[in-house]
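So this block is coords.csv, CSV, C-alpha atoms:
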```csv
chain,number,residue,atom,x,y,z
A,1,MET,CA,161.9,202.1,262.9
A,2,THR,CA,162.8,204.8,265.4
A,3,ALA,CA,163.8,203.8,268.9
A,4,MET,CA,162.6,206.7,271.0
A,5,THR,CA,164.0,208.1,274.2
A,6,PRO,CA,162.0,210.1,276.9
A,7,GLY,CA,160.9,213.4,275.5
A,8,SER,CA,161.7,212.6,271.9
A,9,ASN,CA,159.0,212.9,269.2
A,10,ILE,CA,158.3,211.8,265.6
A,11,PRO,CA,155.9,213.2,263.0
A,12,LEU,CA,153.1,210.8,262.1
A,13,PRO,CA,153.1,210.0,258.4
A,14,VAL,CA,149.7,208.4,258.6
A,15,THR,CA,146.3,209.5,259.9
A,16,ARG,CA,145.5,206.3,261.9
A,17,VAL,CA,148.0,205.0,264.4
A,18,THR,CA,147.9,202.2,266.9
A,19,VAL,CA,149.9,202.2,270.2
A,20,ASP,CA,150.2,198.8,271.8
A,21,VAL,CA,151.9,198.3,275.1
A,22,ALA,CA,153.6,194.9,275.8
A,23,ALA,CA,155.2,193.7,279.1
A,24,PRO,CA,156.1,190.5,280.8
A,25,VAL,CA,153.0,190.9,282.9
A,26,ARG,CA,149.4,191.7,281.9
A,27,LEU,CA,148.7,195.4,281.7
A,28,ASP,CA,145.6,197.6,281.6
A,29,VAL,CA,146.0,200.2,278.8
A,30,SER,CA,143.8,203.2,278.4
A,31,GLY,CA,143.6,206.5,276.5
A,32,LEU,CA,142.5,210.0,277.5
A,33,LEU,CA,141.5,212.8,275.1
A,34,LEU,CA,142.7,216.1,276.4
A,35,THR,CA,142.0,219.7,275.6
A,36,ALA,CA,144.5,222.5,275.5
A,37,ASP,CA,144.3,222.8,279.3
A,38,GLY,CA,145.3,219.2,279.8
A,39,LYS,CA,142.0,218.0,281.0
A,40,VAL,CA,139.2,215.7,279.7
A,41,ARG,CA,135.9,217.3,278.7
A,42,SER,CA,133.8,214.5,280.4
A,43,ASP,CA,133.9,210.8,281.3
A,44,ASP,CA,133.4,210.1,277.5
A,45,ASP,CA,137.0,211.1,277.0
A,46,PHE,CA,138.3,208.2,279.2
A,47,ILE,CA,138.8,205.2,276.9
A,48,PHE,CA,139.4,201.8,278.5
A,49,TYR,CA,138.1,198.3,278.8
A,50,ASN,CA,134.7,199.2,280.1
A,51,GLN,CA,134.4,202.1,277.7
A,52,PRO,CA,136.3,201.0,274.6
A,53,THR,CA,135.2,203.7,272.0
A,54,GLY,CA,135.3,207.4,271.9
A,55,GLN,CA,135.6,210.2,269.3
A,56,GLY,CA,138.5,209.1,267.2
A,57,VAL,CA,140.0,206.8,269.8
A,58,THR,CA,139.3,203.1,270.4
A,59,TYR,CA,140.6,200.5,272.9
A,60,ARG,CA,141.3,196.9,272.0
A,61,SER,CA,142.0,194.2,274.6
A,62,GLY,CA,144.7,191.6,273.8
A,63,GLY,CA,142.9,189.1,276.0
A,64,GLY,CA,146.0,188.4,278.0
A,65,THR,CA,147.8,186.7,275.0
A,66,SER,CA,148.7,189.9,273.1
A,67,PRO,CA,149.2,193.6,274.1
A,68,ASP,CA,146.3,195.9,274.8
A,69,SER,CA,146.2,198.8,272.4
A,70,ILE,CA,144.8,202.3,271.7
A,71,THR,CA,144.1,203.3,268.1
A,72,VAL,CA,143.8,207.0,267.2
A,73,ASP,CA,142.2,208.2,264.0
A,74,THR,CA,143.4,211.8,263.8
A,75,THR,CA,140.8,212.6,261.2
A,76,ALA,CA,138.0,211.8,263.6
A,77,VAL,CA,139.4,213.5,266.7
A,78,PRO,CA,137.0,216.3,267.6
A,79,PRO,CA,137.9,219.9,267.4
A,80,GLY,CA,139.4,221.2,270.7
A,81,ILE,CA,141.2,217.9,271.5
A,82,GLU,CA,144.9,218.5,271.2
A,83,LYS,CA,146.4,215.4,272.8
A,84,ILE,CA,145.7,211.7,273.4
A,85,VAL,CA,147.7,210.2,276.2
A,86,VAL,CA,148.2,206.4,276.3
A,87,THR,CA,148.5,205.0,279.8
A,88,ALA,CA,149.4,201.6,281.3
A,89,SER,CA,149.2,200.0,284.7
A,90,PRO,CA,149.8,196.4,285.9
A,91,ASP,CA,146.6,194.3,286.0
A,92,ALA,CA,147.5,192.8,289.3
A,93,ALA,CA,146.4,194.9,292.3
A,94,GLY,CA,149.3,196.7,294.0
A,95,GLN,CA,151.9,195.5,291.5
A,96,THR,CA,154.6,198.1,290.5
A,97,PHE,CA,156.8,198.4,287.4
A,98,GLN,CA,159.8,197.3,289.4
A,99,GLY,CA,161.6,194.8,287.2
A,100,VAL,CA,159.0,195.2,284.5
A,101,GLU,CA,160.0,196.9,281.2
A,102,PRO,CA,156.9,197.8,279.2
A,103,THR,CA,157.4,198.7,275.5
A,104,ALA,CA,155.1,200.9,273.5
A,105,THR,CA,155.1,200.2,269.8
A,106,ILE,CA,153.6,202.9,267.5
A,107,ARG,CA,152.2,201.3,264.3
A,108,ASN,CA,150.4,202.3,261.1
A,109,ALA,CA,146.9,201.2,262.0
A,110,ASP,CA,146.1,200.3,258.4
A,111,ASP,CA,149.0,198.0,257.5
A,112,ASN,CA,150.4,197.3,261.0
A,113,SER,CA,153.9,198.5,260.0
A,114,VAL,CA,156.1,199.8,262.9
A,115,LEU,CA,156.8,203.5,263.1
A,116,ALA,CA,158.6,203.7,266.4
A,117,SER,CA,159.1,202.0,269.8
A,118,PHE,CA,159.7,203.2,273.3
A,119,THR,CA,160.8,201.5,276.5
A,120,PRO,CA,160.8,203.8,279.5
A,121,PRO,CA,164.0,203.6,281.6
A,122,GLN,CA,164.5,203.6,285.4
A,123,LEU,CA,161.1,202.3,286.5
A,124,GLY,CA,160.6,201.3,290.1
A,125,THR,CA,157.7,201.9,292.5
A,126,GLU,CA,155.4,203.4,289.9
A,127,THR,CA,152.0,201.6,289.6
A,128,ALA,CA,150.9,203.5,286.4
A,129,LEU,CA,152.6,205.3,283.5
A,130,VAL,CA,151.7,207.8,280.9
A,131,ILE,CA,153.9,206.1,278.3
A,132,VAL,CA,153.1,207.8,274.9
A,133,GLU,CA,151.2,210.8,273.7
A,134,VAL,CA,149.7,211.6,270.3
A,135,TYR,CA,149.5,215.4,270.0
A,136,LEU,CA,148.6,218.2,267.6
A,137,ARG,CA,151.3,220.8,267.0
A,138,ASN,CA,151.0,223.6,264.4
A,139,GLY,CA,148.3,221.6,262.5
A,140,ALA,CA,150.4,218.4,262.3
A,141,TRP,CA,150.0,215.3,264.4
A,142,LYS,CA,153.1,213.8,266.2
A,143,ALA,CA,153.9,211.2,268.8
A,144,ARG,CA,156.1,211.7,271.8
A,145,ALA,CA,157.7,209.3,274.2
A,146,VAL,CA,156.8,210.2,277.8
A,147,GLY,CA,157.4,207.6,280.4
A,148,GLN,CA,156.0,209.6,283.3
A,149,GLY,CA,155.3,207.5,286.4
A,150,TYR,CA,152.5,207.7,289.1
A,151,SER,CA,152.6,206.0,292.4
A,152,ASN,CA,148.9,205.9,292.9
A,153,GLY,CA,147.8,203.8,290.0
A,154,LEU,CA,145.6,204.5,287.0
A,155,ALA,CA,143.2,206.3,289.2
A,156,GLY,CA,145.9,208.8,290.0
A,157,ILE,CA,146.4,209.5,286.3
A,158,ALA,CA,142.7,209.7,285.6
A,159,THR,CA,142.2,212.2,288.5
A,160,ASP,CA,145.1,214.3,287.4
A,161,PHE,CA,143.5,214.7,284.0
A,162,GLY,CA,140.2,215.8,285.3
A,163,VAL,CA,138.3,212.4,285.7
A,164,THR,CA,136.6,211.9,289.1
A,165,VAL,CA,137.2,208.4,290.3
A,166,GLU,CA,134.7,207.2,292.9
A,167,GLU,CA,135.9,205.3,295.9
A,168,PRO,CA,133.9,202.1,296.6
A,169,ALA,CA,131.7,202.3,299.6
A,170,PRO,CA,133.2,200.5,302.7
A,171,ALA,CA,131.6,197.1,303.6
A,172,GLN,CA,129.2,197.3,306.5
A,173,ALA,CA,129.7,193.9,308.1
A,174,ALA,CA,133.5,193.9,308.2
A,175,PRO,CA,136.3,196.5,308.7
A,176,PRO,CA,137.6,198.0,305.5
A,177,VAL,CA,140.6,196.3,304.1
A,178,ALA,CA,141.0,198.1,300.8
A,179,PRO,CA,143.8,200.7,300.5
A,180,PRO,CA,142.6,204.3,300.7
A,181,THR,CA,143.9,205.1,297.1
A,182,PRO,CA,141.0,204.5,294.6
A,183,THR,CA,141.6,201.9,292.0
A,184,VAL,CA,140.2,201.4,288.5
A,185,GLN,CA,138.5,198.0,288.1
A,186,THR,CA,139.9,195.2,286.0
A,187,PRO,CA,138.1,193.8,283.0
A,188,VAL,CA,136.5,190.9,284.9
A,189,THR,CA,134.7,193.3,287.3
A,190,PRO,CA,131.0,193.5,286.4
A,191,PRO,CA,130.1,197.0,287.8
A,192,ALA,CA,129.9,200.1,285.6
A,193,PRO,CA,133.1,202.1,285.0
A,194,PRO,CA,134.2,203.9,288.2
A,195,VAL,CA,134.1,207.3,286.7
A,196,THR,CA,131.7,210.2,286.8
A,197,THR,CA,131.4,213.4,284.8
A,198,PRO,CA,133.9,215.9,286.2
A,199,THR,CA,131.2,218.5,287.1
A,200,ALA,CA,132.7,219.0,290.6
A,201,PRO,CA,136.4,219.4,291.6
A,202,PRO,CA,138.1,216.0,291.9
A,203,ALA,CA,138.5,214.5,295.3
A,204,PRO,CA,142.0,215.0,296.8
A,205,GLN,CA,144.4,212.3,295.6
A,206,ALA,CA,148.0,211.4,296.3
A,207,ALA,CA,150.3,213.5,294.2
A,208,PRO,CA,151.8,211.9,291.1
A,209,ALA,CA,155.3,210.7,291.4
A,210,VAL,CA,156.4,213.4,289.0
A,211,PRO,CA,154.8,216.5,287.5
A,212,ALA,CA,152.0,215.9,285.1
A,213,PRO,CA,153.3,215.1,281.6
A,214,GLY,CA,153.2,218.0,279.2
A,215,ALA,CA,152.2,220.5,282.0
A,216,GLY,CA,155.6,221.9,282.1
A,217,LYS,CA,156.2,221.8,278.3
A,218,ILE,CA,157.0,225.4,277.3
A,219,ASN,CA,159.1,227.4,274.9
A,220,LEU,CA,161.1,230.6,275.1
A,221,ASP,CA,158.4,232.9,273.5
A,222,LYS,CA,157.9,234.7,276.8
A,223,GLY,CA,161.5,235.1,277.7
A,224,ARG,CA,163.5,233.5,280.5
A,225,VAL,CA,162.2,230.2,281.9
A,226,SER,CA,162.7,228.8,285.4
A,227,LEU,CA,162.3,225.1,285.4
A,228,GLN,CA,161.3,222.7,288.1
A,229,LYS,CA,162.5,219.1,288.3
A,230,ASN,CA,161.3,217.0,285.3
A,231,GLN,CA,160.0,220.0,283.4
A,232,THR,CA,160.9,220.5,279.7
A,233,VAL,CA,161.5,223.6,277.6
A,234,SER,CA,161.7,223.7,273.9
A,235,LEU,CA,164.6,225.8,272.7
A,236,VAL,CA,162.5,227.6,270.1
A,237,LYS,CA,161.1,231.1,269.8
A,238,GLY,CA,158.2,232.0,267.6
A,239,GLY,CA,158.0,228.5,266.4
A,240,ARG,CA,161.5,228.5,264.9
A,241,PRO,CA,164.8,227.2,266.2
A,242,PHE,CA,166.9,230.3,266.9
A,243,LEU,CA,169.9,229.1,268.9
A,244,SER,CA,173.0,228.0,267.2
A,245,GLN,CA,175.4,228.2,270.2
A,246,VAL,CA,174.5,227.9,273.9
A,247,LYS,CA,176.4,228.0,277.1
A,248,MET,CA,175.5,225.8,280.1
A,249,GLY,CA,176.7,227.5,283.3
A,250,LEU,CA,176.9,225.4,286.4
A,251,GLY,CA,177.4,226.9,289.9
A,252,TRP,CA,177.4,226.0,293.6
A,253,GLU,CA,178.4,227.4,297.0
A,254,PRO,CA,179.6,225.8,300.2
A,255,ALA,CA,176.8,225.0,302.6
A,256,TYR,CA,179.1,226.0,305.5
A,257,ARG,CA,181.3,229.0,305.4
A,258,GLY,CA,185.1,228.5,305.2
A,259,LYS,CA,184.8,225.1,303.6
A,260,ASP,CA,185.8,224.8,299.9
A,261,ILE,CA,183.7,222.7,297.6
A,262,ASP,CA,185.6,221.2,294.7
A,263,LEU,CA,183.0,220.0,292.2
A,264,ASP,CA,183.5,219.1,288.6
A,265,ALA,CA,180.9,219.9,285.8
A,266,SER,CA,180.8,217.7,282.7
A,267,VAL,CA,178.7,216.9,279.7
A,268,ILE,CA,178.2,213.4,278.2
A,269,ALA,CA,177.3,213.0,274.6
A,270,TYR,CA,175.1,210.2,273.4
A,271,GLY,CA,173.8,208.7,270.1
A,272,PRO,CA,170.3,207.7,269.2
A,273,GLN,CA,170.6,204.3,270.8
A,274,ARG,CA,171.8,205.9,274.1
A,275,ASN,CA,175.3,204.9,273.0
A,276,HIS,CA,178.1,206.8,274.7
A,277,ILE,CA,180.0,209.0,272.2
A,278,ASP,CA,182.3,211.1,274.4
A,279,SER,CA,182.6,213.0,277.7
A,280,CYS,CA,183.7,216.6,278.1
A,281,TYR,CA,185.2,217.5,281.5
A,282,PHE,CA,188.2,219.2,283.2
A,283,GLY,CA,190.5,216.5,281.9
A,284,LYS,CA,189.2,216.7,278.3
A,285,LEU,CA,188.2,220.3,277.5
A,286,SER,CA,187.1,219.8,273.9
A,287,ILE,CA,185.2,216.9,272.2
A,288,VAL,CA,183.4,216.2,268.9
A,289,ASN,CA,185.7,218.3,266.9
A,290,GLY,CA,185.4,221.3,269.1
A,291,ALA,CA,181.6,221.5,269.0
A,292,ILE,CA,181.6,221.1,272.8
A,293,LYS,CA,184.1,223.0,275.0
A,294,HIS,CA,184.7,223.2,278.8
A,295,SER,CA,185.9,226.3,280.6
A,296,GLY,CA,188.2,224.4,283.0
A,297,ASP,CA,188.2,223.3,286.6
A,298,ASN,CA,187.0,225.5,289.5
A,299,LEU,CA,188.6,224.2,292.7
A,300,THR,CA,186.5,226.0,295.3
A,301,GLY,CA,183.1,227.2,294.1
A,302,GLU,CA,183.8,230.6,295.7
A,303,GLY,CA,182.8,233.8,294.1
A,304,GLY,CA,179.8,235.0,292.2
A,305,GLY,CA,178.6,233.7,288.8
A,306,ASP,CA,179.0,230.3,287.2
A,307,ASP,CA,181.8,228.1,288.6
A,308,GLU,CA,182.2,226.1,285.3
A,309,VAL,CA,180.8,226.7,281.8
A,310,ILE,CA,180.3,224.3,279.0
A,311,VAL,CA,179.8,225.8,275.5
A,312,VAL,CA,177.8,223.7,273.0
A,313,ASP,CA,177.7,224.7,269.3
A,314,LEU,CA,174.4,223.0,268.4
A,315,GLY,CA,174.9,223.7,264.7
A,316,ARG,CA,178.3,222.0,264.6
A,317,LEU,CA,177.3,218.9,266.5
A,318,PRO,CA,177.7,215.7,264.4
A,319,GLN,CA,174.5,214.1,263.3
A,320,GLU,CA,175.1,211.1,265.5
A,321,VAL,CA,174.9,213.3,268.7
A,322,THR,CA,171.3,213.3,269.7
A,323,GLY,CA,171.5,213.6,273.5
A,324,LEU,CA,173.6,215.6,276.0
A,325,VAL,CA,173.5,215.1,279.8
A,326,PHE,CA,175.1,217.7,282.1
A,327,THR,CA,176.5,216.4,285.3
A,328,VAL,CA,178.3,217.6,288.5
A,329,ASN,CA,180.6,215.3,290.6
A,330,SER,CA,182.5,215.7,293.8
A,331,PHE,CA,185.9,214.2,293.1
A,332,SER,CA,187.0,214.9,296.7
A,333,GLY,CA,184.1,212.9,298.1
A,334,GLN,CA,182.1,215.7,299.6
A,335,LYS,CA,178.3,215.0,299.5
A,336,PHE,CA,175.8,217.3,298.0
A,337,THR,CA,174.3,217.9,301.4
A,338,GLU,CA,177.4,220.0,301.9
A,339,VAL,CA,176.6,222.1,298.9
A,340,ALA,CA,174.3,225.2,298.7
A,341,LYS,CA,172.7,227.0,295.8
A,342,ALA,CA,173.7,224.4,293.1
A,343,TYR,CA,172.1,225.4,289.8
A,344,CYS,CA,172.5,225.2,286.1
A,345,ARG,CA,171.5,227.8,283.5
A,346,LEU,CA,171.4,227.9,279.8
A,347,LEU,CA,172.5,231.1,278.0
A,348,ASP,CA,172.5,232.3,274.4
A,349,ALA,CA,176.3,232.2,273.7
A,350,SER,CA,176.1,235.1,271.3
A,351,THR,CA,174.3,237.6,273.6
A,352,GLY,CA,175.0,236.2,277.1
A,353,GLU,CA,171.2,236.3,277.7
A,354,GLU,CA,170.0,233.8,280.3
A,355,LEU,CA,167.3,231.6,278.8
A,356,VAL,CA,166.6,228.8,281.2
A,357,ARG,CA,167.5,228.2,284.8
A,358,PHE,CA,167.2,225.2,287.1
A,359,ASP,CA,167.9,225.5,290.8
A,360,LEU,CA,168.6,222.3,292.8
A,361,THR,CA,166.2,222.8,295.8
A,362,THR,CA,166.9,219.4,297.4
A,363,ALA,CA,170.1,217.5,298.1
A,364,GLU,CA,171.0,213.9,298.8
A,365,PRO,CA,174.2,212.5,300.5
A,366,GLN,CA,175.6,211.5,297.2
A,367,THR,CA,178.7,212.5,295.2
A,368,GLY,CA,177.1,213.0,291.7
A,369,VAL,CA,174.1,214.6,290.2
A,370,MET,CA,172.6,214.7,286.7
A,371,MET,CA,171.5,218.3,286.4
A,372,ALA,CA,169.8,218.5,283.0
A,373,LYS,CA,169.6,216.9,279.6
A,374,LEU,CA,169.3,218.3,276.0
A,375,ILE,CA,167.6,216.0,273.5
A,376,LYS,CA,167.5,216.6,269.8
A,377,GLN,CA,164.0,216.0,268.3
A,378,PHE,CA,163.2,214.4,265.0
A,379,SER,CA,162.5,217.8,263.6
A,380,GLY,CA,166.0,219.0,264.6
A,381,GLU,CA,164.8,221.1,267.5
A,382,TRP,CA,166.5,220.7,270.9
A,383,GLU,CA,164.6,220.4,274.2
A,384,MET,CA,166.0,220.9,277.7
A,385,THR,CA,164.7,218.9,280.7
A,386,ALA,CA,165.6,219.6,284.3
A,387,LEU,CA,166.7,216.3,286.0
A,388,GLY,CA,168.2,216.7,289.6
A,389,ASN,CA,168.9,213.0,289.9
A,390,PHE,CA,171.6,212.0,292.4
A,391,VAL,CA,174.1,209.2,291.8
A,392,LYS,CA,176.9,207.7,293.8
A,393,SER,CA,179.9,208.6,291.6
A,394,ARG,CA,182.9,210.9,292.1
A,395,THR,CA,183.9,211.0,288.4
A,396,VAL,CA,182.2,211.5,285.1
A,397,ARG,CA,183.1,208.0,284.1
A,398,GLY,CA,180.6,206.7,286.7
A,399,MET,CA,177.9,208.9,285.3
A,400,VAL,CA,177.9,207.5,281.8
A,401,LYS,CA,175.6,204.5,282.4
A,402,PRO,CA,173.0,206.2,284.7
A,403,SER,CA,172.9,209.3,282.4
A,404,ALA,CA,172.2,207.0,279.4
A,405,GLN,CA,169.3,205.6,281.4
A,406,ALA,CA,168.0,209.1,282.1
A,407,LEU,CA,167.7,210.0,278.4
```

What's the structure tokens form of this structure?
Amino acid sequence: MTAMTPGSNIPLPVTRVTVDVAAPVRLDVSGLLLTADGKVRSDDDFIFYNQPTGQGVTYRSGGGTSPDSITVDTTAVPPGIEKIVVTASPDAAGQTFQGVEPTATIRNADDNSVLASFTPPQLGTETALVIVEVYLRNGAWKARAVGQGYSNGLAGIATDFGVTVEEPAPAQAAPPVAPPTPTVQTPVTPPAPPVTTPTAPPAPQAAPAVPAPGAGKINLDKGRVSLQKNQTVSLVKGGRPFLSQVKMGLGWEPAYRGKDIDLDASVIAYGPQRNHIDSCYFGKLSIVNGAIKHSGDNLTGEGGGDDEVIVVDLGRLPQEVTGLVFTVNSFSGQKFTEVAKAYCRLLDASTGEELVRFDLTTAEPQTGVMMAKLIKQFSGEWEMTALGNFVKSRTVRGMVKPSAQAL
């Protein structure tokens, strides 16, 4: 069985898979069939307790004693559907995922054998999740761990994917007490499903907690990529891995003139179970037999160009290294609110060509930040995701645990 981390994927060796989602609390699980533009075609593509069957996708209730599940028959998925996302939200109104760790288990639907499992890390105020997606890539079906959270419930997810969710009419005899955010009804509610065919633009909704999953998933076919927070880029071109050695350049400038900023860039290497393998920083300039090397410490951040550079030889990395997290810390204790123009950029080490750039547009009064992560996929390809998550830590040692949770 494969224990997946956010962004990782596996090929599906069978045509029928079941995704069940278990948690300490009862969950509502649903599936949405999406076209290439990331939208449903109609309300028929929203599969949940009140509409349990669709084209190639079915919902099964666990009845409160076992997990709800979504089964995908890839041979029956209609042409034009490229992705099925599996979502989950707590059944109790207003409940968040704070303290709740849902686990999605991907199984062979025919013999119930386990193919992979995924538990999203770092959940808090989210009231709904896109937890797993089953998707078509180059004629083959795969499954990806997602773990993207929404703060406005299952209705927010449905709306984001093109389903119009009707708000209930306010009561006439009493002042309205329901929250303004629309909610999807629970299985015991008798009315018809609160969805309509998306013939008109969806009503304005609260924005999702993070960008729509998959919306930022791109490759390098069109050249240099500028990422936003939580967006992912696949380091392939023309469908084939082409990078053997990359450089991660990290840079910053003082927010106030005349004040030096001494920041330290590092990279932390992890194994498939999020186990810490080693850390490369100014005090340890080479790790994993020289496959990862650090340029050395920059004490001021002054001058143009990258302040510190980390070179990663992807082809020489040991098999047990499957995740890298790039971090920046302020050993002297200065907060990132005193830093301007912090960024990271990925370059082709052989040509010096800038491939990917992520500019940190917001800052928090903390002493550490996780800038980006590189994750090795089951296929051997690497994907880069922009993070921009701040942490209270002045050294790389304090970044090991939160960075593992960010994988």

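Going from atom CA of A:Asp111 to atom CA of A:Ile70 covers 15.4 Å.
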
- Long-range neighbours of A:Cys280 as a PyMOL selection string, 10 Å cut-off, all atoms listed in the file, 6 positions minimum in chain: chain A and resi 265-269+286-288+292-294+310+326+396

- Point out the residue among A:Val339, A:Leu324, A:Met384, A:Val21 with the least atom-to-atom distance to A:Ala404, counting all atoms listed in the file.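 Closest to A:Ala404, using all atoms listed in the file: A:Leu324.
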
- Using all atoms listed in the file, which residue out of A:Gln95, A:Thr127, A:Thr337, A:Ser295 lies closest to A:Val369? A:Thr337

- Would you mind reading off the distance between atom CA of A:Glu354 and atom CA of A:Met370, one decimal, in Å?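 Taking atom CA of A:Glu354 as the start and atom CA of A:Met370 as the end point, the length is 20.3 Å.
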
- Message: For a quick check of understanding, using all atoms listed in the file, which of A:Thr2, A:Asn9, A:Gln55, A:Ser66 has the smallest distance to A:Pro79?
- Response: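 Closest residue, counting all atoms listed in the file: A:Gln55.
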
- Message: Can you measure atom CA of A:Val72 to atom CA of A:Val86 for me? One decimal in Å is fine.
- Response: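 Computing it gives 10.1 Å between the two atoms.
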
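Nearest residue to A:Gln405, choosing from A:Ser226, A:Gln273, A:Ser151, A:Asn112 and counting all atoms listed in the file: A:Gln273.
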
- Message: Residues within 10 Å of A:Gly315, please, as a list in words. Count only C-alpha atoms; anything in the same chain fewer than 4 positions from it doesn't count.
- Response: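 Once the adjacent positions are removed, what remains is Leu243, Ser244, Gln245, Ala291 and Gln319 of chain A.
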
- Note on the structure: Of A:Tyr270, A:Phe48, A:Tyr343, A:Tyr281, the one nearest to A:Gly323 when counting all atoms listed in the file is A:Tyr270

- Message: Just checking: using all atoms listed in the file, which residue out of A:Ser113, A:Thr395, A:Asn289, A:Thr232 ends up closest to A:Gly333?
- Response: A:Thr395
